[in-house]
$ cat upload.cif   # mmCIF, C-alpha atoms
data_data
loop_
_atom_site.label_atom_id
_atom_site.label_comp_id
_atom_site.auth_asym_id
_atom_site.auth_seq_id
_atom_site.Cartn_x
_atom_site.Cartn_y
_atom_site.Cartn_z
CA MET P 105 28.11 -30.45 8.60
CA SER P 106 26.04 -32.94 6.59
CA ASP P 107 25.02 -32.12 3.01
CA GLU P 108 21.66 -33.76 3.61
CA THR P 109 18.57 -31.91 2.39
CA PHE P 110 14.96 -32.42 3.44
CA ASP P 111 12.10 -32.96 1.00
CA LEU P 112 9.07 -31.71 2.90
CA CYS P 113 5.89 -31.99 0.88
CA PRO P 114 3.23 -29.33 1.54
CA PRO P 115 1.00 -30.62 4.34
CA GLN P 116 -2.11 -32.40 3.08
CA ALA P 117 -5.03 -31.47 5.29
CA LEU P 118 -6.85 -34.74 4.61
CA PRO P 119 -5.90 -37.97 2.81
CA ALA P 120 -6.81 -37.97 -0.88
CA GLU P 121 -9.24 -40.86 -0.41
CA GLN P 122 -11.13 -38.96 2.29
CA LEU P 123 -11.31 -35.82 0.14
CA LEU P 124 -12.63 -37.83 -2.80
CA GLU P 125 -15.33 -39.36 -0.62
CA ILE P 126 -16.36 -35.89 0.60
CA PHE P 127 -16.55 -34.64 -2.99
CA ARG P 128 -18.58 -37.68 -4.07
CA GLN P 129 -21.11 -37.01 -1.30
CA LEU P 130 -21.32 -33.33 -2.23
CA ILE P 131 -22.02 -34.26 -5.84
CA ALA P 132 -24.53 -36.95 -4.90
CA ASP P 133 -26.67 -34.69 -2.71
CA GLY P 134 -26.06 -31.49 -4.71
CA SER P 135 -24.97 -29.57 -1.63
CA TRP P 136 -21.73 -28.36 -3.25
CA GLN P 137 -23.70 -25.74 -5.21
CA ARG P 138 -26.07 -24.54 -2.49
CA TYR P 139 -25.86 -21.06 -1.01
CA SER P 140 -26.25 -22.65 2.42
CA GLY P 141 -26.82 -26.13 3.70
CA PRO P 142 -26.06 -28.81 6.28
CA HIS P 143 -22.26 -28.61 6.15
CA GLY P 144 -22.09 -24.91 6.96
CA THR P 145 -24.64 -25.34 9.74
CA ALA P 146 -22.72 -28.29 11.19
CA LEU P 147 -19.45 -26.33 11.08
CA GLN P 148 -21.05 -23.37 12.87
CA GLN P 149 -22.42 -25.62 15.58
CA LEU P 150 -19.11 -27.40 16.09
CA LEU P 151 -17.21 -24.09 16.33
CA LEU P 152 -19.77 -22.73 18.79
CA HIS P 153 -19.46 -25.85 20.95
CA ARG P 154 -15.65 -25.93 20.90
CA HIS P 155 -15.29 -22.23 21.69
CA GLN P 156 -18.19 -22.01 24.17
CA ARG P 157 -19.77 -19.18 22.17
CA GLN P 158 -23.28 -17.98 21.36
CA HIS P 159 -22.81 -16.64 17.82
CA CYS P 160 -20.67 -17.73 14.87
CA HIS P 161 -20.53 -16.15 11.43
CA LEU P 162 -18.66 -18.00 8.69
CA CYS P 163 -16.97 -15.89 6.01
CA CYS P 164 -14.57 -15.97 3.07
CA SER P 165 -11.23 -15.30 4.85
CA GLY P 166 -9.54 -14.41 8.12
CA THR P 167 -8.98 -10.92 6.72
CA ALA P 168 -12.72 -10.54 6.12
CA ALA P 169 -13.36 -11.91 9.61
CA MET P 170 -11.19 -9.16 11.12
CA GLU P 171 -13.00 -6.45 9.16
CA LEU P 172 -16.34 -7.81 10.35
CA ALA P 173 -15.09 -7.92 13.94
CA LEU P 174 -13.92 -4.30 13.72
CA ARG P 175 -17.27 -3.23 12.27
CA ALA P 176 -19.11 -5.17 14.98
CA ALA P 177 -17.05 -3.35 17.63
CA GLY P 178 -18.22 -0.01 16.25
CA VAL P 179 -14.89 1.00 14.72
CA GLU P 180 -15.48 3.79 12.21
CA ALA P 181 -13.82 6.90 10.80
CA GLY P 182 -11.95 8.82 13.49
CA ALA P 183 -11.73 5.90 15.92
CA GLU P 184 -8.47 4.34 17.14
CA VAL P 185 -7.58 0.66 17.42
CA ILE P 186 -4.57 -0.53 19.42
CA LEU P 187 -2.44 -3.39 18.10
CA SER P 188 1.09 -4.65 18.39
CA ALA P 189 3.77 -3.14 16.17
CA TYR P 190 4.68 -6.79 15.48
CA ASP P 191 1.53 -8.20 13.91
CA PHE P 192 0.04 -9.39 10.64
CA LYS P 193 -0.09 -6.55 8.12
CA SER P 194 -3.72 -7.23 7.19
CA ASN P 195 -4.89 -6.26 10.69
CA PHE P 196 -3.29 -2.83 10.22
CA ILE P 197 -4.80 -2.39 6.74
CA ASN P 198 -8.28 -3.38 7.93
CA ILE P 199 -8.24 -0.55 10.46
CA LEU P 200 -7.25 1.95 7.78
CA MET P 201 -9.96 0.65 5.42
CA LEU P 202 -12.59 1.71 7.96
CA GLY P 203 -11.15 5.22 8.18
CA ALA P 204 -9.82 4.54 11.67
CA ARG P 205 -6.27 4.99 12.97
CA PRO P 206 -4.00 2.14 14.09
CA VAL P 207 -2.15 2.80 17.34
CA LEU P 208 1.02 0.73 17.52
CA VAL P 209 2.42 -0.40 20.87
CA ASP P 210 5.30 -2.58 21.95
CA THR P 211 5.41 -6.28 22.71
CA VAL P 212 6.46 -8.14 25.81
CA PRO P 213 10.29 -8.50 25.72
CA ASP P 214 11.32 -11.38 23.44
CA LEU P 215 7.72 -12.47 22.81
CA PRO P 216 5.57 -11.38 19.84
CA VAL P 217 2.50 -10.57 21.95
CA LEU P 218 1.03 -7.33 23.24
CA ASP P 219 2.45 -5.72 26.38
CA PRO P 220 -0.58 -4.89 28.58
CA VAL P 221 1.25 -1.96 30.22
CA ALA P 222 1.91 -0.46 26.79
CA VAL P 223 -1.72 -1.00 25.80
CA GLU P 224 -3.09 0.87 28.81
CA ALA P 225 -0.68 3.77 28.22
CA ALA P 226 -1.92 4.05 24.62
CA ILE P 227 -5.63 4.35 25.40
CA SER P 228 -7.27 7.63 24.37
CA PRO P 229 -10.87 8.88 24.27
CA SER P 230 -10.96 7.68 20.64
CA THR P 231 -9.95 4.08 21.41
CA ARG P 232 -12.64 1.59 20.42
CA ALA P 233 -10.84 -1.75 20.33
CA VAL P 234 -7.64 -3.68 20.99
CA ILE P 235 -6.50 -6.47 18.66
CA ALA P 236 -4.85 -9.24 20.67
CA SER P 237 -3.14 -11.73 18.35
CA HIS P 238 -1.93 -15.18 19.37
CA LEU P 239 1.12 -15.61 17.15
CA HIS P 240 3.58 -18.43 16.45
CA GLY P 241 2.21 -20.72 19.16
CA LEU P 242 2.39 -17.95 21.76
CA ALA P 243 -0.50 -16.64 23.84
CA ALA P 244 -1.54 -13.00 24.07
CA PRO P 245 -2.00 -12.01 27.76
CA LEU P 246 -5.79 -11.94 27.59
CA SER P 247 -6.45 -11.90 31.33
CA ALA P 248 -4.52 -8.65 31.79
CA LEU P 249 -5.84 -7.16 28.56
CA SER P 250 -9.44 -8.01 29.42
CA GLU P 251 -9.11 -6.37 32.83
CA ILE P 252 -7.76 -3.20 31.22
CA ALA P 253 -10.40 -3.21 28.48
CA GLY P 254 -13.17 -3.71 31.02
CA ARG P 255 -12.12 -0.68 33.04
CA HIS P 256 -11.95 1.49 29.93
CA ARG P 257 -14.99 -0.03 28.17
CA ILE P 258 -12.98 -1.07 25.14
CA THR P 259 -13.62 -4.13 22.96
CA ILE P 260 -11.04 -6.93 22.80
CA ILE P 261 -10.75 -8.62 19.40
CA GLU P 262 -8.95 -11.95 19.85
CA ASP P 263 -7.08 -13.00 16.72
CA ALA P 264 -6.86 -16.78 16.99
CA CYS P 265 -6.12 -17.39 13.30
CA GLN P 266 -2.81 -19.11 14.09
CA ASN P 267 -3.93 -21.01 17.20
CA PRO P 268 -7.01 -23.16 16.51
CA GLY P 269 -7.50 -25.70 19.26
CA ALA P 270 -5.07 -24.11 21.71
CA CYS P 271 -6.11 -24.06 25.35
CA LEU P 272 -5.37 -20.85 27.27
CA ALA P 273 -6.09 -20.70 31.01
CA GLY P 274 -8.53 -23.57 30.63
CA GLN P 275 -10.41 -22.07 27.69
CA PRO P 276 -9.99 -22.52 23.94
CA ALA P 277 -8.21 -19.78 22.02
CA GLY P 278 -11.04 -17.72 20.57
CA ALA P 279 -13.24 -18.09 23.64
CA ARG P 280 -12.20 -15.07 25.71
CA GLY P 281 -12.22 -11.93 23.55
CA ASP P 282 -15.41 -9.89 23.13
CA LEU P 283 -15.00 -10.93 19.50
CA ALA P 284 -12.68 -13.59 18.10
CA ILE P 285 -11.62 -14.50 14.59
CA LEU P 286 -10.43 -17.71 12.93
CA SER P 287 -8.80 -18.31 9.55
CA PHE P 288 -9.06 -21.29 7.23
CA GLY P 289 -6.45 -20.07 4.73
CA GLY P 290 -4.40 -22.36 2.51
CA SER P 291 -1.48 -22.96 4.87
CA LYS P 292 -3.35 -22.92 8.18
CA LEU P 293 -3.86 -25.79 10.62
CA LEU P 294 -7.50 -25.86 9.51
CA THR P 295 -7.68 -25.13 5.79
CA ALA P 296 -10.26 -24.85 3.05
CA GLY P 297 -7.93 -22.85 0.82
CA ARG P 298 -9.75 -19.74 2.00
CA GLY P 299 -12.25 -18.99 4.73
CA GLY P 300 -12.73 -17.60 8.20
CA ALA P 301 -15.13 -17.13 11.09
CA VAL P 302 -16.14 -14.53 13.67
CA LEU P 303 -17.19 -15.63 17.17
CA THR P 304 -18.91 -13.61 19.89
CA ASP P 305 -21.36 -13.83 22.78
CA ASN P 306 -22.65 -10.30 22.22
CA PRO P 307 -25.98 -10.26 20.30
CA GLN P 308 -25.47 -6.64 19.24
CA PHE P 309 -22.11 -7.49 17.70
CA ALA P 310 -23.69 -10.47 15.91
CA GLN P 311 -26.51 -8.28 14.60
CA ARG P 312 -24.05 -5.72 13.21
CA ILE P 313 -22.25 -8.48 11.32
CA THR P 314 -25.55 -9.74 9.91
CA LEU P 315 -26.61 -6.26 8.81
CA HIS P 316 -23.30 -5.71 7.02
CA THR P 317 -23.09 -9.07 5.25
CA GLN P 318 -26.69 -9.89 4.32
CA ARG P 319 -27.48 -8.18 1.01
CA GLY P 320 -30.10 -10.48 -0.43
CA ASN P 321 -27.60 -13.23 0.28
CA ASP P 322 -24.33 -13.43 2.18
CA ALA P 323 -21.87 -11.04 0.53
CA TRP P 324 -18.74 -12.77 1.97
CA PRO P 325 -19.70 -16.44 2.24
CA LEU P 326 -17.94 -19.65 3.11
CA SER P 327 -19.18 -22.29 0.67
CA GLU P 328 -20.76 -25.61 1.49
CA LEU P 329 -17.84 -27.33 -0.20
CA GLN P 330 -15.36 -25.52 2.06
CA ALA P 331 -17.39 -26.31 5.18
CA ALA P 332 -17.56 -29.99 4.23
CA VAL P 333 -13.75 -30.15 3.93
CA LEU P 334 -13.25 -28.37 7.27
CA LEU P 335 -15.51 -30.59 9.37
CA PRO P 336 -13.26 -33.71 9.48
CA GLN P 337 -10.19 -31.52 10.00
CA LEU P 338 -11.78 -29.98 13.06
CA GLN P 339 -12.50 -33.42 14.44
CA GLN P 340 -8.84 -34.47 14.13
CA LEU P 341 -7.39 -31.13 15.28
CA ASP P 342 -6.71 -32.12 18.89
CA GLN P 343 -4.79 -35.22 17.87
CA GLN P 344 -2.65 -33.28 15.41
CA ASN P 345 -2.03 -30.49 17.93
CA ARG P 346 -0.76 -33.10 20.40
CA HIS P 347 1.61 -34.39 17.73
CA ARG P 348 2.88 -30.88 16.99
CA ALA P 349 3.26 -30.04 20.68
CA ALA P 350 5.36 -33.18 21.19
CA ALA P 351 7.52 -32.15 18.22
CA VAL P 352 8.06 -28.72 19.80
CA ARG P 353 9.28 -30.46 22.96
CA GLN P 354 11.91 -32.21 20.81
CA LEU P 355 12.94 -28.89 19.27
CA GLN P 356 13.15 -27.34 22.72
CA ALA P 357 15.50 -30.10 23.87
CA ALA P 358 17.66 -29.90 20.74
CA LEU P 359 18.11 -26.13 21.02
CA ALA P 360 18.49 -25.97 24.80
CA ASP P 361 21.47 -23.94 26.01
CA SER P 362 22.40 -22.76 22.52
CA PRO P 363 24.07 -19.34 22.75
CA ALA P 364 22.85 -18.50 19.25
CA ILE P 365 19.16 -19.31 19.03
CA SER P 366 16.22 -19.72 21.40
CA LEU P 367 12.84 -21.35 20.95
CA LEU P 368 10.18 -18.96 22.24
CA LEU P 369 7.30 -20.30 24.31
CA SER P 370 4.69 -18.51 26.35
CA PRO P 371 5.32 -19.01 30.09
CA GLU P 372 2.30 -21.30 30.46
CA PHE P 373 3.62 -23.54 27.67
CA CYS P 374 7.28 -23.81 28.73
CA SER P 375 7.05 -26.74 31.11
CA THR P 376 3.95 -28.63 29.97
CA PRO P 377 3.10 -28.23 26.28
CA VAL P 378 0.47 -30.96 26.74
CA ASN P 379 -2.11 -31.06 29.55
CA PRO P 380 -2.57 -34.22 31.67
CA ASP P 381 -5.89 -34.85 29.87
CA GLY P 382 -4.07 -35.00 26.56
CA ILE P 383 -5.22 -31.65 25.14
CA ALA P 384 -2.41 -29.60 23.64
CA THR P 385 -2.20 -26.23 25.39
CA ALA P 386 -0.62 -24.62 22.33
CA ALA P 387 -1.33 -24.88 18.63
CA PHE P 388 1.78 -24.45 16.54
CA TYR P 389 0.96 -23.15 13.07
CA LYS P 390 4.46 -21.68 13.19
CA VAL P 391 7.13 -21.98 15.89
CA ALA P 392 8.99 -18.84 16.96
CA LEU P 393 12.80 -18.92 17.13
CA LEU P 394 14.90 -15.92 18.16
CA LEU P 395 18.38 -15.62 16.66
CA HIS P 396 20.75 -13.70 18.93
CA ALA P 397 22.24 -11.71 16.05
CA GLY P 398 21.09 -9.00 13.64
CA ARG P 399 18.75 -9.01 10.67
CA ILE P 400 21.42 -9.84 8.07
CA ALA P 401 22.50 -12.96 9.98
CA ARG P 402 18.82 -13.88 10.49
CA ASP P 403 18.09 -13.62 6.76
CA GLU P 404 21.23 -15.62 5.93
CA LEU P 405 20.18 -18.36 8.35
CA SER P 406 16.71 -18.52 6.81
CA ALA P 407 18.13 -18.75 3.29
CA ALA P 408 20.60 -21.48 4.31
CA CYS P 409 17.82 -23.52 5.94
CA ILE P 410 15.49 -23.13 2.97
CA ARG P 411 18.24 -24.39 0.66
CA LYS P 412 18.30 -27.54 2.79
CA GLY P 413 14.53 -27.89 2.57
CA ILE P 414 13.83 -26.65 6.13
CA PRO P 415 10.83 -24.23 6.12
CA LEU P 416 12.40 -21.60 8.40
CA HIS P 417 11.45 -18.07 7.39
CA PRO P 418 11.79 -14.53 8.77
CA GLY P 419 8.88 -13.42 10.93
CA PHE P 420 6.70 -10.38 10.29
CA THR P 421 8.13 -7.01 9.36
CA ALA P 422 7.47 -4.39 12.06
CA LEU P 423 4.43 -2.34 11.04
CA HIS P 424 5.99 1.00 11.95
CA THR P 425 8.85 0.39 9.51
CA ILE P 426 6.74 -0.22 6.38
CA HIS P 427 3.98 2.41 6.59
CA ALA P 428 3.98 6.18 6.33
CA LYS P 429 4.00 7.75 9.78
CA SER P 430 0.90 9.77 8.88
CA ARG P 431 -1.13 6.55 8.76
CA PHE P 432 -0.71 5.55 12.42
CA ARG P 433 0.06 6.72 15.93
CA THR P 434 2.67 5.15 18.18
CA SER P 435 2.66 5.02 21.94
CA GLY P 436 5.89 4.52 23.85
CA SER P 437 8.99 2.73 22.69
CA LEU P 438 8.70 0.00 20.07
CA THR P 439 12.10 -1.45 20.93
CA ASN P 440 10.94 -5.00 21.55
CA ALA P 441 8.81 -5.17 18.39
CA THR P 442 11.69 -3.77 16.33
CA ARG P 443 14.06 -6.41 17.69
CA LEU P 444 11.62 -9.20 16.94
CA ALA P 445 11.20 -7.97 13.37
CA GLU P 446 14.98 -8.14 12.93
CA GLN P 447 15.76 -11.41 14.74
CA LEU P 448 12.66 -13.63 14.77
CA LEU P 449 12.32 -16.73 12.60
CA VAL P 450 9.32 -19.00 12.22
CA LEU P 451 9.34 -22.74 11.48
CA HIS P 452 6.28 -23.88 9.51
CA HIS P 453 4.11 -26.62 10.96
CA SER P 454 4.88 -28.98 8.06
CA ALA P 455 8.22 -29.63 9.79
CA LEU P 456 6.48 -30.63 13.02
CA LEU P 457 4.66 -33.53 11.38
CA GLN P 458 7.89 -35.24 10.28
CA PRO P 459 9.18 -38.45 11.93
CA GLY P 460 11.15 -37.90 15.12
CA ALA P 461 14.56 -38.76 13.66
CA GLU P 462 14.09 -36.36 10.75
CA LEU P 463 12.87 -33.62 13.08
CA ARG P 464 15.97 -34.01 15.25
CA GLN P 465 18.19 -33.76 12.18
CA MET P 466 16.44 -30.55 11.15
CA ALA P 467 16.84 -29.12 14.65
CA ASN P 468 20.55 -29.96 14.63
CA HIS P 469 20.95 -28.28 11.24
CA ILE P 470 19.21 -25.15 12.51
CA ARG P 471 21.36 -25.05 15.64
CA THR P 472 24.63 -25.59 13.75
CA LEU P 473 23.82 -22.96 11.12
CA ALA P 474 22.66 -20.49 13.77
CA GLU P 475 25.82 -20.90 15.84
CA LEU P 476 27.99 -20.39 12.78
CA ARG P 477 26.28 -17.09 12.04
CA HIS P 478 26.20 -16.05 15.67
CA SER P 479 29.95 -16.58 16.08
CA ALA P 480 30.63 -14.63 12.87
CA THR P 481 28.94 -11.53 14.33
CA TRP P 482 31.12 -11.40 17.43
#

$ encode --input "upload.cif" --output "structure tokens"
Amino acid sequence: MSDETFDLCPPQALPAEQLLEIFRQLIADGSWQRYSGPHGTALQQLLLHRHQRQHCHLCCSGTAAMELALRAAGVEAGAEVILSAYDFKSNFINILMLGARPVLVDTVPDLPVLDPVAVEAAISPSTRAVIASHLHGLAAPLSALSEIAGRHRITIIEDACQNPGACLAGQPAGARGDLAILSFGGSKLLTAGRGGAVLTDNPQFAQRITLHTQRGNDAWPLSELQAAVLLPQLQQLDQQNRHRAAAVRQLQAALADSPAISLLLSPEFCSTPVNPDGIATAAFYKVALLLHAGRIARDELSAACIRKGIPLHPGFTALHTIHAKSRFRTSGSLTNATRLAEQLLVLHHSALLQPGAELRQMANHIRTLAELRHSATW
């Protein structure tokens, strides 16, 4: 195997010249230091238009956005919130911070998204909300979840932090949950270093967010400077998502028929990652790869790839394995989530923006290293 290594620079959200021009304008008009102003208003309006929503609240992080969404949904002490046992740890902690109890359920086999059957089985009289996260370019089954939630009068919180610009069943990710959240964290597809947003069509939910955050001024704000940096990124998002989707097609071809590793795609993304109108149906902040071997081999593969400069990392740790059992309730088997936590890898989106030849070389490295470790386990 080649000794070649890859020197992937951290992705720059905007060219330096464009950033400098934004900063010059902020200094010239003084808007960088305002509590609120035209950039935040413009960002709200653009997010509302893109997501076909009625209300948008900008805030300081995706984690804060989730807390606000939970509060808007009426989650309080004694309530229960259902989420996948394979999910971002912060979602779990946010539920606990409100005095509520997380209820962990299993995923769809081999996909890090909620299993609707498991969700319905977990519902109790105390259930107030379900967190449905779109993870690693994969789509949570919102149609099935929304039907279940409607029958039981439960709020769906759509976590679209990893999937800005994705199109799911003809609608943008973040357009279908009763509440939806976005993140503008440092490594995200849309980044201001920090930041987030909550979207909803429900005026009562929007009012609850306002009552919680407005304390003379906004307690958890997104600054004008951050909003100004996000606006041009949002305008170029579709083009970059098309580029990343095309790169995922190359990865899919390079890893096809490998006995050791599989690229995971939601069923609606498998055949046509890009719609005929040119809009990417998926947004790949991270790409999910499943190694058909145990956790030790998975961690070894990740370490070997990182040494070569390939940003391939283990996925999330299963929530039921890192928290005291007294802090949550489980419903049904968590077999699928446990397997994902032991075998899933994620490729960072910085790799997807590389030239085609370099991307193919990375894919071949991943496949070769994976097959070496897979054969060693049998």

$ axis_aligned_box --input "upload.cif" --around "stretch 141-148 of chain P" --padding-each-side "5 Å" --output "AutoDock Vina command-line options"
--center_x -23.1 --center_y -26.1 --center_z 8.3 --size_x 17.4 --size_y 15.4 --size_z 19.2

$ closest_residue --input "upload.cif" --among "P:Thr421, P:Ser247, P:Ser230, P:Gln447" --to "P:Leu272" --atoms "all atoms listed in the file"
P:Ser247

$ atom_distance --input "upload.cif" --atom1 "atom CA of P:Leu405" --atom2 "atom CA of P:Ile470"
8.0 Å

$ resolve_selection --input "upload.cif" --expression "the PyMOL selection byres ((chain P and resi 431-442) around 7)" --output "CSV table (one decimal) with C-alpha atoms, in the frame of the given file"
chain,number,residue,atom,x,y,z
P,189,ALA,CA,3.8,-3.1,16.2
P,190,TYR,CA,4.7,-6.8,15.5
P,205,ARG,CA,-6.3,5.0,13.0
P,206,PRO,CA,-4.0,2.1,14.1
P,207,VAL,CA,-2.2,2.8,17.3
P,208,LEU,CA,1.0,0.7,17.5
P,209,VAL,CA,2.4,-0.4,20.9
P,210,ASP,CA,5.3,-2.6,22.0
P,211,THR,CA,5.4,-6.3,22.7
P,212,VAL,CA,6.5,-8.1,25.8
P,213,PRO,CA,10.3,-8.5,25.7
P,214,ASP,CA,11.3,-11.4,23.4
P,226,ALA,CA,-1.9,4.0,24.6
P,422,ALA,CA,7.5,-4.4,12.1
P,427,HIS,CA,4.0,2.4,6.6
P,428,ALA,CA,4.0,6.2,6.3
P,429,LYS,CA,4.0,7.8,9.8
P,430,SER,CA,0.9,9.8,8.9
P,443,ARG,CA,14.1,-6.4,17.7
P,444,LEU,CA,11.6,-9.2,16.9
P,445,ALA,CA,11.2,-8.0,13.4
P,446,GLU,CA,15.0,-8.1,12.9

$ closest_residue --input "upload.cif" --among "P:Ala248, P:Val302, P:Ile426, P:Ala277" --to "P:Thr314" --atoms "only C-alpha atoms"
P:Val302

$ atom_distance --input "upload.cif" --atom1 "atom CA of P:Leu118" --atom2 "atom CA of P:Gln148"
20.0 Å

$ residues_near_point --input "upload.cif" --point "(-4.4, -26.0, 28.3)" --cutoff "6 Å" --atoms "all atoms listed in the file" --output "ChimeraX atom specification"
/P:271-272,274,379,385

$ atom_distance --input "upload.cif" --atom1 "atom CA of P:Leu367" --atom2 "atom CA of P:Gly281"
26.9 Å

$ build_atoms --input "upload.cif" --residues "stretch 465-482 of chain P" --atoms "N, CA and C atoms" --output "JSON list (two decimals), in the coordinates of the input"
[["chain", "number", "residue", "atom", "x", "y", "z"],
["P", 465, "GLN", "N", 17.17, -34.18, 13.14],
["P", 465, "GLN", "CA", 18.19, -33.76, 12.18],
["P", 465, "GLN", "C", 17.98, -32.31, 11.74],
["P", 466, "MET", "N", 16.72, -31.94, 11.52],
["P", 466, "MET", "CA", 16.44, -30.55, 11.15],
["P", 466, "MET", "C", 16.84, -29.60, 12.28],
["P", 467, "ALA", "N", 16.50, -29.96, 13.51],
["P", 467, "ALA", "CA", 16.84, -29.12, 14.65],
["P", 467, "ALA", "C", 18.34, -28.96, 14.77],
["P", 468, "ASN", "N", 19.09, -30.05, 14.56],
["P", 468, "ASN", "CA", 20.55, -29.96, 14.63],
["P", 468, "ASN", "C", 21.12, -29.07, 13.53],
["P", 469, "HIS", "N", 20.54, -29.16, 12.33],
["P", 469, "HIS", "CA", 20.95, -28.28, 11.24],
["P", 469, "HIS", "C", 20.72, -26.81, 11.62],
["P", 470, "ILE", "N", 19.53, -26.53, 12.13],
["P", 470, "ILE", "CA", 19.21, -25.15, 12.51],
["P", 470, "ILE", "C", 20.19, -24.65, 13.56],
["P", 471, "ARG", "N", 20.45, -25.48, 14.58],
["P", 471, "ARG", "CA", 21.36, -25.05, 15.64],
["P", 471, "ARG", "C", 22.77, -24.81, 15.10],
["P", 472, "THR", "N", 23.27, -25.73, 14.28],
["P", 472, "THR", "CA", 24.63, -25.59, 13.75],
["P", 472, "THR", "C", 24.75, -24.34, 12.89],
["P", 473, "LEU", "N", 23.79, -24.13, 12.00],
["P", 473, "LEU", "CA", 23.82, -22.96, 11.12],
["P", 473, "LEU", "C", 23.69, -21.67, 11.92],
["P", 474, "ALA", "N", 22.84, -21.68, 12.94],
["P", 474, "ALA", "CA", 22.66, -20.49, 13.77],
["P", 474, "ALA", "C", 23.94, -20.15, 14.52],
["P", 475, "GLU", "N", 24.60, -21.16, 15.06],
["P", 475, "GLU", "CA", 25.82, -20.90, 15.84],
["P", 475, "GLU", "C", 26.96, -20.43, 14.95],
["P", 476, "LEU", "N", 27.00, -20.89, 13.72],
["P", 476, "LEU", "CA", 27.99, -20.39, 12.78],
["P", 476, "LEU", "C", 27.80, -18.90, 12.51],
["P", 477, "ARG", "N", 26.55, -18.50, 12.30],
["P", 477, "ARG", "CA", 26.28, -17.09, 12.04],
["P", 477, "ARG", "C", 26.40, -16.24, 13.27],
["P", 478, "HIS", "N", 26.06, -16.79, 14.41],
["P", 478, "HIS", "CA", 26.20, -16.05, 15.67],
["P", 478, "HIS", "C", 27.66, -15.77, 15.96],
["P", 479, "SER", "N", 28.52, -16.77, 15.78],
["P", 479, "SER", "CA", 29.95, -16.58, 16.08],
["P", 479, "SER", "C", 30.59, -15.60, 15.10],
["P", 480, "ALA", "N", 30.06, -15.54, 13.87],
["P", 480, "ALA", "CA", 30.63, -14.63, 12.87],
["P", 480, "ALA", "C", 30.31, -13.17, 13.17],
["P", 481, "THR", "N", 29.31, -12.92, 14.03],
["P", 481, "THR", "CA", 28.94, -11.53, 14.33],
["P", 481, "THR", "C", 29.66, -10.99, 15.55],
["P", 482, "TRP", "N", 30.44, -11.85, 16.21],
["P", 482, "TRP", "CA", 31.12, -11.40, 17.43],
["P", 482, "TRP", "C", 32.64, -11.35, 17.21]]
